[in-house]
Structures are given as structure tokens and as C-alpha cells.
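One file, data_23.txt, carrying compact mmCIF, C-alpha atoms:
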```
# COMPACT_ATOMS: atom_id res chain seq x y z
CA MET A 21 -18.16 0.78 17.66
CA LEU A 22 -19.38 -2.65 16.51
CA GLN A 23 -21.22 -3.12 13.23
CA THR A 24 -23.08 -6.37 12.62
CA HIS A 25 -22.81 -8.40 9.44
CA SER A 26 -24.73 -7.15 6.39
CA SER A 27 -22.81 -8.27 3.30
CA ILE A 28 -19.96 -5.92 2.32
CA ILE A 29 -19.26 -2.60 3.98
CA PRO A 30 -20.83 0.00 1.65
CA PRO A 31 -18.03 1.66 -0.35
CA ASP A 32 -19.27 5.19 0.37
CA LEU A 33 -19.29 4.43 4.11
CA LEU A 34 -15.74 3.04 3.92
CA LEU A 35 -14.44 6.09 2.09
CA ARG A 36 -16.19 8.48 4.48
CA ALA A 37 -14.62 6.62 7.38
CA TYR A 38 -11.11 6.95 5.93
CA ARG A 39 -11.65 10.65 5.33
CA ALA A 40 -12.60 10.93 9.01
CA GLY A 41 -9.52 9.02 10.19
CA ILE A 42 -11.37 5.79 11.03
CA PHE A 43 -10.95 2.28 9.62
CA PRO A 44 -12.60 -1.16 10.12
CA MET A 45 -11.17 -4.33 11.66
CA ALA A 46 -12.52 -7.72 12.70
CA ASP A 47 -11.66 -9.82 15.74
CA SER A 48 -10.69 -12.81 13.60
CA ARG A 49 -10.51 -14.12 10.05
CA ASP A 50 -13.91 -15.82 10.44
CA ASP A 51 -15.73 -13.03 12.29
CA PRO A 52 -18.74 -11.70 10.33
CA GLU A 53 -18.80 -8.51 12.42
CA ILE A 54 -16.52 -5.47 12.21
CA TYR A 55 -15.66 -2.61 14.52
CA TRP A 56 -14.40 0.87 13.74
CA VAL A 57 -10.99 1.97 14.99
CA GLU A 58 -9.65 5.46 15.73
CA PRO A 59 -6.22 5.04 17.37
CA ARG A 60 -5.02 7.53 19.97
CA LEU A 61 -1.58 7.29 18.40
CA ARG A 62 -1.35 7.03 14.62
CA ALA A 63 1.59 5.69 12.65
CA ILE A 64 2.57 7.51 9.48
CA LEU A 65 5.57 7.15 7.21
CA PRO A 66 6.79 10.60 6.11
CA LEU A 67 7.39 10.36 2.38
CA ASP A 68 10.68 12.22 2.72
CA GLY A 69 11.74 10.11 5.70
CA PHE A 70 11.77 6.56 4.33
CA HIS A 71 14.82 4.73 5.63
CA CYS A 72 16.42 2.81 2.77
CA SER A 73 19.18 0.75 4.37
CA HIS A 74 22.32 -0.26 2.46
CA SER A 75 21.07 -3.83 2.23
CA LEU A 76 17.64 -2.77 0.91
CA ALA A 77 19.25 -0.41 -1.62
CA ARG A 78 21.45 -3.30 -2.77
CA THR A 79 18.37 -5.53 -3.18
CA LEU A 80 16.63 -2.82 -5.22
CA ARG A 81 19.65 -2.29 -7.47
CA ARG A 82 20.04 -5.99 -8.14
CA GLY A 83 16.42 -6.29 -9.30
CA ARG A 84 15.79 -9.46 -7.29
CA PHE A 85 12.03 -9.08 -7.68
CA VAL A 86 9.59 -8.16 -10.41
CA VAL A 87 7.40 -5.37 -9.03
CA THR A 88 3.86 -4.61 -10.26
CA CYS A 89 0.96 -2.36 -9.34
CA ASN A 90 -2.64 -3.65 -9.25
CA ALA A 91 -1.66 -6.89 -11.01
CA ALA A 92 -2.90 -9.28 -8.27
CA PHE A 93 -4.99 -7.38 -5.74
CA ASP A 94 -7.06 -10.41 -4.72
CA ALA A 95 -3.98 -12.56 -4.18
CA VAL A 96 -2.31 -9.84 -2.10
CA ILE A 97 -5.24 -9.32 0.26
CA ASP A 98 -5.70 -13.10 0.61
CA SER A 99 -2.00 -13.49 1.41
CA CYS A 100 -2.20 -10.69 4.00
CA ALA A 101 -5.15 -12.49 5.65
CA ALA A 102 -3.56 -15.96 5.55
CA PRO A 103 -2.36 -17.63 8.79
CA ARG A 104 1.23 -16.82 9.73
CA ALA A 105 3.52 -18.83 11.97
CA GLY A 106 3.73 -17.32 15.44
CA ALA A 107 1.25 -14.52 14.63
CA GLN A 108 -2.17 -13.74 16.05
CA ASP A 109 -5.27 -14.51 14.02
CA SER A 110 -5.74 -12.03 11.20
CA TRP A 111 -8.15 -9.10 11.55
CA ILE A 112 -8.82 -9.29 7.80
CA SER A 113 -12.09 -11.20 7.66
CA GLN A 114 -13.85 -12.42 4.53
CA ARG A 115 -16.25 -9.50 4.80
CA ILE A 116 -13.36 -7.05 4.92
CA ARG A 117 -11.69 -8.76 1.96
CA ASP A 118 -14.88 -8.57 -0.12
CA SER A 119 -15.37 -4.91 0.83
CA TYR A 120 -11.87 -3.92 -0.30
CA ARG A 121 -12.17 -5.94 -3.49
CA THR A 122 -15.19 -3.78 -4.29
CA LEU A 123 -13.17 -0.63 -3.54
CA HIS A 124 -10.42 -1.93 -5.82
CA ALA A 125 -12.88 -2.52 -8.66
CA MET A 126 -14.04 1.08 -8.21
CA GLY A 127 -10.44 2.39 -8.36
CA HIS A 128 -10.11 3.34 -4.68
CA ALA A 129 -7.94 0.47 -3.38
CA HIS A 130 -4.58 -0.57 -4.82
CA SER A 131 -1.84 -3.13 -4.40
CA ILE A 132 1.89 -3.41 -4.98
CA GLU A 133 3.19 -6.91 -5.71
CA THR A 134 6.69 -8.40 -5.60
CA TRP A 135 7.36 -11.56 -7.60
CA ALA A 136 10.24 -14.03 -7.67
CA VAL A 137 11.13 -15.40 -11.09
CA ASP A 138 12.63 -18.87 -11.52
CA ALA A 139 15.03 -20.12 -14.18
CA GLN A 140 12.09 -21.01 -16.47
CA GLY A 141 10.69 -17.48 -16.21
CA GLU A 142 7.77 -18.50 -14.01
CA ARG A 143 6.63 -15.88 -11.50
CA ALA A 144 5.60 -16.55 -7.91
CA LEU A 145 4.04 -13.92 -5.64
CA VAL A 146 6.37 -13.53 -2.65
CA GLY A 147 5.36 -10.20 -1.12
CA GLY A 148 3.15 -7.17 -1.39
CA LEU A 149 0.86 -4.67 0.25
CA TYR A 150 -2.52 -3.06 -0.29
CA GLY A 151 -4.34 0.06 0.83
CA VAL A 152 -6.88 2.77 0.11
CA GLY A 153 -6.11 5.96 -1.83
CA PHE A 154 -8.00 9.24 -2.11
CA ALA A 155 -7.03 12.86 -2.74
CA ARG A 156 -3.31 12.98 -1.80
CA VAL A 157 -3.58 10.31 0.87
CA PHE A 158 -2.70 6.61 0.85
CA CYS A 159 -3.78 4.48 3.80
CA GLY A 160 -1.72 1.31 3.94
CA GLU A 161 -3.71 -1.63 5.26
CA SER A 162 -1.45 -4.66 5.40
CA MET A 163 1.61 -6.27 3.86
CA PHE A 164 3.09 -9.75 3.67
CA SER A 165 6.42 -11.35 2.79
CA ARG A 166 7.44 -14.89 1.87
CA GLN A 167 11.05 -14.03 1.05
CA SER A 168 13.56 -11.75 2.71
CA ASP A 169 13.05 -8.08 1.73
CA ALA A 170 9.97 -8.81 -0.41
CA SER A 171 7.63 -6.54 1.59
CA LYS A 172 10.38 -3.92 2.07
CA VAL A 173 10.83 -3.69 -1.69
CA ALA A 174 7.06 -3.29 -2.13
CA LEU A 175 7.06 -0.47 0.44
CA ALA A 176 10.05 1.22 -1.23
CA TRP A 177 8.23 1.20 -4.58
CA LEU A 178 5.08 2.48 -2.85
CA VAL A 179 6.92 5.44 -1.31
CA ALA A 180 8.67 6.29 -4.59
CA ALA A 181 5.41 6.03 -6.56
CA LEU A 182 3.47 8.16 -4.07
CA ARG A 183 6.14 10.85 -4.31
CA ARG A 184 5.72 10.86 -8.08
CA ALA A 185 1.94 11.09 -7.65
CA GLY A 186 2.23 14.16 -5.43
CA ALA A 187 0.89 12.38 -2.34
CA MET A 188 1.21 14.15 0.98
CA LEU A 189 0.32 11.49 3.58
CA LEU A 190 1.14 7.78 3.94
CA ASP A 191 -0.90 6.34 6.80
CA CYS A 192 0.37 3.13 8.44
CA GLN A 193 -2.34 2.96 11.16
CA PHE A 194 -0.32 1.22 13.91
CA SER A 195 3.43 1.27 14.47
CA THR A 196 5.46 -1.96 14.44
CA PRO A 197 9.21 -2.48 14.85
CA HIS A 198 9.33 -3.41 11.15
CA LEU A 199 7.68 -0.14 10.07
CA ALA A 200 9.68 1.93 12.55
CA SER A 201 12.92 0.54 11.09
CA LEU A 202 11.78 1.89 7.71
CA GLY A 203 11.03 5.38 9.00
CA ALA A 204 7.49 5.23 10.37
CA ILE A 205 6.71 7.51 13.32
CA GLU A 206 3.80 7.83 15.75
CA ILE A 207 1.80 11.03 16.12
CA PRO A 208 -1.32 11.90 18.16
CA GLN A 209 -4.59 11.26 16.37
CA ALA A 210 -5.45 14.97 16.50
CA GLU A 211 -2.25 15.78 14.59
CA TYR A 212 -3.01 13.00 12.12
CA LEU A 213 -6.48 14.43 11.51
CA ALA A 214 -4.97 17.84 10.77
CA LEU A 215 -2.60 16.28 8.21
CA LEU A 216 -5.46 14.24 6.78
CA ASP A 217 -7.62 17.34 6.40
CA GLU A 218 -4.85 19.20 4.60
CA ALA A 219 -4.00 16.33 2.24
CA GLY A 220 -7.67 15.62 1.64
CA ARG A 221 -8.31 19.12 0.31
CA TYR A 222 -6.16 18.59 -2.75
CA SER A 223 -7.01 16.74 -5.91
CA VAL A 224 -4.44 14.34 -7.30
CA VAL A 225 -2.74 15.79 -10.35
CA ARG A 226 -2.54 13.29 -13.20
CA SER A 227 1.01 12.75 -14.37
CA PRO A 228 1.65 14.01 -17.93
CA GLY A 229 1.45 11.30 -20.56
CA VAL A 230 -0.24 8.72 -18.31
CA PRO A 231 -3.49 7.46 -19.86
CA PRO A 232 -6.56 7.25 -17.57
CA SER A 233 -6.60 3.42 -17.41
CA SER A 234 -2.88 2.79 -17.14
CA THR A 235 -1.38 0.45 -14.55
CA THR A 236 2.06 -0.97 -15.05
CA GLY A 237 4.65 -3.34 -13.74
CA ALA A 238 8.42 -3.42 -13.88
CA SER A 239 11.31 -5.75 -13.44
CA SER A 240 14.98 -5.93 -14.28
CA ALA A 241 13.79 -6.82 -17.77
CA GLY A 242 11.68 -3.67 -18.16
CA ALA A 243 7.98 -2.83 -18.05
CA VAL A 244 5.06 -5.21 -18.34
CA SER A 245 1.35 -4.40 -18.47
CA SER A 246 -1.29 -5.48 -15.96
CA GLY A 247 -4.97 -4.79 -16.50
CA SER A 248 -7.15 -3.12 -13.86
CA ALA A 249 -10.34 -1.14 -13.61
CA ALA A 250 -8.57 1.46 -11.49
CA GLY A 251 -7.95 4.89 -12.93
CA ALA A 252 -4.54 6.47 -13.19
CA ALA A 253 -5.01 8.96 -10.35
CA GLY A 254 -2.89 8.44 -7.25
CA LEU A 255 -0.75 5.35 -6.85
CA PRO A 256 -1.22 3.83 -10.35
CA ALA A 257 -0.27 7.15 -11.96
CA GLY A 258 2.72 7.52 -9.67
CA PHE A 259 3.86 3.99 -10.48
CA ALA A 260 3.61 4.63 -14.22
CA ALA A 261 5.39 7.99 -13.85
CA LEU A 262 8.14 6.29 -11.87
CA LEU A 263 8.81 3.87 -14.71
CA ALA A 264 8.75 6.73 -17.21
CA ALA A 265 11.29 8.69 -15.14
CA ALA A 266 13.53 5.63 -14.90
CA ALA A 267 13.37 5.24 -18.68
CA GLU A 268 14.26 8.92 -19.19
CA ALA A 269 17.26 8.40 -16.91
CA GLY A 270 18.38 5.48 -19.07
CA LEU A 271 17.44 2.92 -16.40
CA SER A 272 14.37 1.33 -17.98
CA SER A 273 16.02 -2.09 -17.65
CA SER A 274 16.84 -1.42 -14.00
CA PRO A 275 14.10 0.73 -12.42
CA GLY A 276 15.03 -0.61 -8.98
CA ASN A 277 18.39 1.13 -9.33
CA PHE A 278 16.58 4.39 -10.11
CA ILE A 279 14.38 3.96 -7.03
CA ALA A 280 17.36 3.16 -4.81
CA GLN A 281 19.07 6.34 -5.98
CA SER A 282 16.00 8.51 -5.35
CA LEU A 283 15.36 7.04 -1.91
CA THR A 284 18.95 7.15 -0.64
CA GLN A 285 19.29 10.77 -1.72
CA THR A 286 16.50 11.82 0.67
CA SER A 287 16.63 9.22 3.45
```
Using the file provided, produce a representation of the structure as C-alpha cells.
Amino acid sequence: MLQTHSSIIPPDLLLRAYRAGIFPMADSRDDPEIYWVEPRLRAILPLDGFHCSHSLARTLRRGRFVVTCNAAFDAVIDSCAAPRAGAQDSWISQRIRDSYRTLHAMGHAHSIETWAVDAQGERALVGGLYGVGFARVFCGESMFSRQSDASKVALAWLVAALRRAGAMLLDCQFSTPHLASLGAIEIPQAEYLALLDEAGRYSVVRSPGVPPSSTTGASSAGAVSSGSAAGAAGLPAGFAALLAAAAEAGLSSSPGNFIAQSLTQTS
């Protein structure tokens, strides 16, 4: 179904669509119109089925990247929409970007960022992902990578944080070889809607000790703060709880090692 341009997509309409298993796309980066998509086959990544390869676990343990949550949402969505060599034109139009920025400001859309740090301590954004969260559901929208393993590390942190947040469903929309290699599977839309209905009935339980406005970041050097209007429910709370659990395990200086351990024990 095509919807003509009228500024941003109203946030309440967007959230209702996600709760009904539907999401918007555009034909190109410059297209002012959107259409609503309900795939016959839906890709999901079971939170207990993430495939953490030996090489990815090694990257996590070495702390190659600084990882943050909600520290650079605008930069992540712009990077996901940017032209890529050998890829089709992006479906993330300016209207879609503006709509999700509004959702982010309201606390319903979140990002995970991976940063490379040079010898002078300067950070450069090299990978990340963003998506929409509600109840115990996270709908991943897009990811990007400018260095090897940068998006895989972001996805590993996402899975680990969603587990901590008590999430039940990680939606990937469409399957790709990249996602399949990490554990994503395809299911019929009817089965997806049943899972969505179940996960959507539950409220997210706030992690103990996480303040309502907390979002955090981590690196091999420990935690850093990043401001955001988003509340602590869902992904931000799970991210903060993940860092707290790593600190309790004596791995506050190496949270990636803690994540690698937790993922390889169940994958």
C-alpha cells in the first residue's frame, strides 16, 4: 500500500504498524513516498540462537571497538542510508530518516554504535545498527559496517543487551546471507504474528539499579556516558545491565570478553 508524502510518518501510526507486523520502505533514497510491507516470509534472530563464530568471539575479547548505545542515532541512520559500492539504492529515504529520528526522540527507536579509536584517542564511527523497540520486541531496521566485523560486533552487543532486557523477539524483516550466518531464520508471517502477539503482551521489566534516563557505552577502557532522551526500558536498560553484569564479573575493563563468554555458552 502506497502512502503519499505528508511530512514525517506520524509516530503513533508507525508504532501501530510495527505492532501489526508491518513496516514502511521507500523505492529510493530520494523518494518522498512510502509503502507498507508485510513479508510472506519473515526473518527473525532467535535470541538463544545467535551464532558467535570463533573469529567474532576473538574480536569481542580483544575489544577492537568501543561500543555505545544511543550515542549517535542520527549518524547511524544516515550511514545506513548512504550509498554503498555495488549495492542497490537505499530504501531509507529522508522522510523515513526524519520519522525514525522522531521515534528516537520519543524513546521508541534505538541504535548501537561501534567506534574505532586511533593512537590519539580519537573515535570514528565504523559500524552500527538501529531499530524500533516496544514491549519485549526489537525490530532491527538496518546496519552498516566500514571495518571488518564492525556490524557483527554491534549485533552481538544487541543480542546480549536484549537478553538482559528480557526481550522475546528480535525481528530482522528480510533474511540475507550475512544475517543467516549469524543465526537468523525465516518463518511464515502468520507464525511471526503469533510470536509478535505473545511478546507484545508483556511489559518490559526495568533492570534493578538502572535509572530511568540511563544510556551507556563501553569499551576496553570501561564505561562512558552518552546522553539521550530515551528511557531505560528495553534496549537501553539491557545495555546498562550488561555493563553492570560485566563489572560484577570483574570484567568492567573488558565487557566484550563477558559478552563473548555469554554468547558462546548458548550458541
Test item: residues at most 8 Å from Pro31 in chain A, all atoms listed in the file, excluding those fewer than 4 positions along its chain, as a ChimeraX atom specification: /A:35,119,122-123
Can you pull out the residues contacting Ser171 in chain A? Cut-off 9 Å, using only C-alpha atoms, and skip same-chain residues under 6 positions away; I want them as an MDAnalysis selection string. chainID A and resid 133:134 146:149 163:165
Which residues are near Arg156 in chain A? Cut-off 8 Å, only C-alpha atoms, ignore same chain within fewer than 2 positions. Put them as a ChimeraX atom specification. /A:153-154,158,186-189,219-220,222-224,254
When you draw a straight line from CA of Arg121 in chain A to CA of Leu34 in chain A, how long is it in Å?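 Result for CA of Arg121 in chain A versus CA of Leu34 in chain A: 12.2 Å, one decimal.
With CA of Ala102 in chain A on one side and CA of Cys159 in chain A on the other, the separation reads 20.5 Å.
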Listing only residues of range 104-145 of chain A within 8 Å of range 50-53 of chain A, what is the closest atom pair and its distance in Å (to one decimal) for each, using all atoms listed in the file, sorted by chain and residue number ascending, as a tab-separated table?
```
residue	atom	partner	partner_atom	distance
A:Ser113	CA	A:Asp50	CA	5.7
A:Gln114	CA	A:Asp50	CA	6.8
A:Arg115	CA	A:Pro52	CA	6.5
```
Mind pulling up the distance from CA of Ile205 in chain A to CA of Ala176 in chain A?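 Result for CA of Ala176 in chain A versus CA of Ile205 in chain A: 16.2 Å, one decimal.
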From the options A:Gly69, A:Gly41, A:Gly141, A:Pro275, which residue's atoms come nearest to Trp56 in chain A, counting all atoms listed in the file?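 Looking at the shortest contact to Trp56 in chain A, the residue is A:Gly41.
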With all atoms listed in the file as the atoms that count, which of A:Leu80, A:Ile97, A:Leu213, A:Ala257 lies nearest to Val173 in chain A?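 Looking only at the distances to Val173 in chain A, the closest residue turns out to be A:Leu80.
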